[in-house]
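So this one's work_32.txt, compact mmCIF, C-alpha atoms:
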```txt
# COMPACT_ATOMS: atom_id res chain seq x y z
CA MET A 109 41.70 46.11 -125.30
CA ALA A 110 43.35 48.07 -122.49
CA ARG A 111 41.39 49.28 -119.56
CA VAL A 112 41.95 52.90 -118.47
CA ASP A 113 41.62 53.76 -114.80
CA LYS A 114 41.87 57.43 -113.88
CA ARG A 115 42.27 56.96 -110.10
CA ASP A 116 45.76 57.26 -108.61
CA TYR A 117 46.15 54.56 -106.02
CA THR A 118 49.42 55.92 -104.67
CA SER A 119 47.90 59.23 -103.56
CA LYS A 120 46.16 59.68 -100.21
CA ASP A 121 43.73 62.12 -101.74
CA LYS A 122 40.93 60.18 -103.43
CA ASN A 123 40.04 63.12 -105.69
CA THR A 124 43.44 63.06 -107.45
CA TYR A 125 43.25 61.61 -110.95
CA ASN A 126 46.21 60.42 -112.97
CA LEU A 127 46.09 58.51 -116.18
CA TYR A 128 46.94 54.86 -115.62
CA VAL A 129 46.90 52.36 -118.46
CA ASP A 130 46.36 48.70 -117.72
CA GLY A 131 47.66 46.59 -120.58
CA ASN A 132 50.27 46.78 -123.30
CA LEU A 133 48.96 49.93 -124.98
CA ALA A 134 50.48 53.25 -123.90
CA TYR A 135 49.26 56.64 -125.02
CA VAL A 136 51.69 59.14 -126.50
CA SER A 137 51.70 62.21 -124.32
CA GLU A 138 52.46 65.70 -125.51
CA PRO A 139 55.21 67.66 -123.77
CA ALA A 140 54.07 70.41 -121.45
CA PRO A 141 54.11 73.86 -123.05
CA GLU A 142 57.02 76.09 -122.00
CA ILE A 143 56.19 79.09 -119.87
CA PRO A 144 57.69 82.35 -121.20
CA ALA A 145 60.31 84.03 -119.01
CA GLU A 146 58.11 87.02 -118.17
CA GLN A 147 55.33 84.73 -116.94
CA LYS A 148 57.61 82.75 -114.59
CA THR A 149 56.94 83.86 -111.08
CA GLU A 150 59.82 84.26 -108.70
CA LYS A 151 59.30 83.21 -105.11
CA TYR A 152 59.12 85.98 -102.59
CA ILE A 153 62.34 86.21 -100.60
CA ASP A 154 62.35 87.90 -97.23
CA SER A 155 64.62 90.94 -96.79
CA LYS A 156 66.52 89.24 -93.95
CA THR A 157 67.19 86.27 -96.21
CA ARG A 158 68.46 88.58 -98.96
CA ARG A 159 70.79 90.36 -96.52
CA ASN A 160 72.10 87.05 -95.16
CA ARG A 161 72.76 85.79 -98.69
CA ALA A 162 74.54 89.00 -99.63
CA ARG A 163 76.61 88.86 -96.42
CA ALA A 164 77.50 85.20 -97.08
CA LYS A 165 78.65 85.98 -100.62
CA SER A 166 80.93 88.84 -99.54
CA ILE A 167 83.98 88.61 -97.31
CA ASN A 168 84.90 91.24 -94.77
CA PHE A 169 88.29 92.59 -93.66
CA ARG A 170 88.57 90.19 -90.70
CA GLN A 171 88.15 87.19 -92.96
CA VAL A 172 90.79 88.52 -95.35
CA ILE A 173 93.22 88.99 -92.44
CA PHE A 174 92.40 85.52 -91.09
CA PHE A 175 93.00 83.87 -94.47
CA ALA A 176 96.20 85.88 -95.00
CA LEU A 177 97.56 84.82 -91.60
CA GLY A 178 96.63 81.22 -92.30
CA LEU A 179 98.40 81.42 -95.65
CA LEU A 180 101.50 82.90 -93.99
CA ILE A 181 101.55 80.16 -91.36
CA VAL A 182 101.19 77.40 -93.92
CA GLY A 183 103.78 79.06 -96.17
CA GLY A 184 106.19 79.39 -93.25
CA ALA A 185 105.70 75.76 -92.29
CA CYS A 186 106.34 74.68 -95.89
CA SER A 187 109.45 76.87 -96.07
CA ALA A 188 110.77 75.45 -92.81
CA MET A 189 110.16 71.92 -94.03
CA ILE A 190 111.92 72.58 -97.33
CA TYR A 191 114.85 74.22 -95.49
CA SER A 192 115.20 71.29 -93.07
CA GLN A 193 115.02 68.82 -95.97
CA ALA A 194 117.77 70.73 -97.79
CA ALA A 195 119.91 70.78 -94.62
CA LEU A 196 119.37 67.05 -94.19
CA ASN A 197 120.39 66.38 -97.79
CA HIS A 198 123.49 68.55 -97.31
CA ALA A 199 124.40 66.66 -94.12
CA LYS A 200 123.93 63.32 -95.88
CA ALA A 201 126.19 64.44 -98.70
CA GLU A 202 128.81 65.57 -96.17
CA VAL A 203 128.62 62.22 -94.36
CA VAL A 204 129.13 60.40 -97.64
CA SER A 205 132.09 62.65 -98.47
CA LEU A 206 133.67 62.11 -95.04
CA SER A 207 133.09 58.36 -95.29
CA ASP A 208 134.86 58.29 -98.63
CA GLU A 209 137.74 60.31 -97.15
CA LEU A 210 137.93 57.92 -94.18
CA ILE A 211 138.10 54.90 -96.48
CA THR A 212 140.85 56.60 -98.51
CA LEU A 213 142.86 57.43 -95.37
CA LYS A 214 142.45 53.90 -93.97
CA ASP A 215 143.69 52.44 -97.26
CA ALA A 216 146.68 54.82 -97.23
CA ASN A 217 147.41 53.93 -93.59
CA ASP A 218 147.25 50.19 -94.30
CA ALA A 219 149.56 50.61 -97.28
CA ALA A 220 152.07 52.61 -95.20
CA LYS A 221 151.98 50.01 -92.42
CA LEU A 222 152.58 47.24 -94.95
CA ARG A 223 155.50 49.16 -96.43
CA ILE A 224 157.03 49.66 -92.98
CA ASP A 225 156.51 46.02 -92.03
CA GLN A 226 158.13 44.88 -95.24
CA SER A 227 161.04 47.30 -94.95
CA VAL A 228 162.01 46.19 -91.43
CA ASP A 229 163.49 42.72 -91.10
CA VAL A 230 162.63 41.65 -87.56
CA GLU A 231 164.78 38.55 -87.74
CA ALA A 232 167.86 40.61 -88.69
CA ILE A 233 167.22 42.95 -85.74
CA ARG A 234 166.91 39.99 -83.36
CA LYS A 235 170.15 38.43 -84.59
CA LYS A 236 172.03 41.76 -84.30
CA ALA A 237 170.68 42.33 -80.76
CA ILE A 238 171.79 38.88 -79.63
CA LYS A 239 175.26 38.92 -81.29
CA GLU A 240 176.35 42.55 -80.99
CA PHE A 241 174.52 43.79 -77.87
CA GLY A 242 174.40 40.53 -75.87
CA MET A 243 170.64 40.26 -75.58
CA VAL A 244 169.28 37.12 -73.91
CA TYR A 245 165.76 35.86 -73.45
CA PRO A 246 164.37 36.08 -69.89
CA LYS A 247 164.09 33.03 -67.66
CA LYS A 248 160.77 31.92 -66.15
CA LYS A 249 161.55 33.53 -62.78
CA GLN A 250 162.19 36.87 -64.40
CA VAL A 251 158.71 37.13 -66.00
CA VAL A 252 155.94 38.44 -63.73
CA SER A 253 152.29 38.19 -64.91
CA TYR A 254 149.39 40.02 -63.34
CA ASN A 255 145.64 40.43 -64.04
CA VAL A 256 143.92 43.78 -64.09
CA LYS A 257 140.23 43.56 -63.26
CA ASP A 258 138.94 47.12 -62.96
CA SER A 259 140.80 49.18 -65.46
CA ASP A 260 143.11 48.93 -68.42
CA TYR A 261 146.02 50.78 -66.78
CA MET A 262 148.12 50.25 -63.67
CA GLU A 263 149.88 52.58 -61.27
CA GLN A 264 153.27 51.51 -60.00
CA TYR A 265 153.94 52.56 -56.40
CA ARG A 266 157.38 50.96 -56.01
CA GLU A 267 160.03 49.25 -58.06
CA VAL A 268 159.29 45.64 -59.03
CA GLU A 269 161.97 43.18 -57.74
```
Structure translated into structure tokens:
Amino acid sequence: MARVDKRDYTSKDKNTYNLYVDGNLAYVSEPAPEIPAEQKTEKYIDSKTRRNRARAKSINFRQVIFFALGLLIVGGACSAMIYSQAALNHAKAEVVSLSDELITLKDANDAAKLRIDQSVDVEAIRKKAIKEFGMVYPKKKQVVSYNVKDSDYMEQYREVE
């Protein structure tokens, strides 16, 4: 049989009694009766506390202005970001368009150069220059070579002999 000890060993007050069952038998307890709404006592709240609570629940004109300005600033920042993103996308599209145009123009230029190169017979021009106009190739003494170190152009101060 279970032993029932009514002392609560967890409490510092020795006069406190709680039901403690030692063993495998537990008593069925009844739920506490509900207290009607009119009998419930409300804690006394100080008038300063009531005013502070009422003030905390309401917002004043300064707070409305502050929140409105904050909303305008955030909205402006978002608008500026969206505008700059749209401008960036437009610039990227323009770069792609110009790149395509450049590739097209380079292809057209290469094709024109090839047509010109194929239409002109360099060997026929050389033969005509030698036979009809008396062209001769220069001798070694007639060719002057020079090295340019500083720039890619040269100024000629006098006639080369």
Point-to-point distance from atom CA of A:Leu179 to atom CA of A:Ala194, Å rounded to tenths: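 Calculated distance between atom CA of A:Leu179 and atom CA of A:Ala194 is 22.2 Å.
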How big is the axis-aligned box around the listed atoms of stretch 220-232 of chain A once 3 Å is added on each side, and where is its centre? Give both in Å to one decimal, as AutoDock Vina command-line options.
```
--center_x 159.9 --center_y 45.6 --center_z -92.0 --size_x 21.9 --size_y 20.1 --size_z 14.9
```
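Rounded to one decimal, atom CA of A:Arg234 and atom CA of A:Val268 lie 26.1 Å from each other.
A straight line drawn from atom CA of A:Arg266 to atom CA of A:Ser253 is 16.4 Å long.
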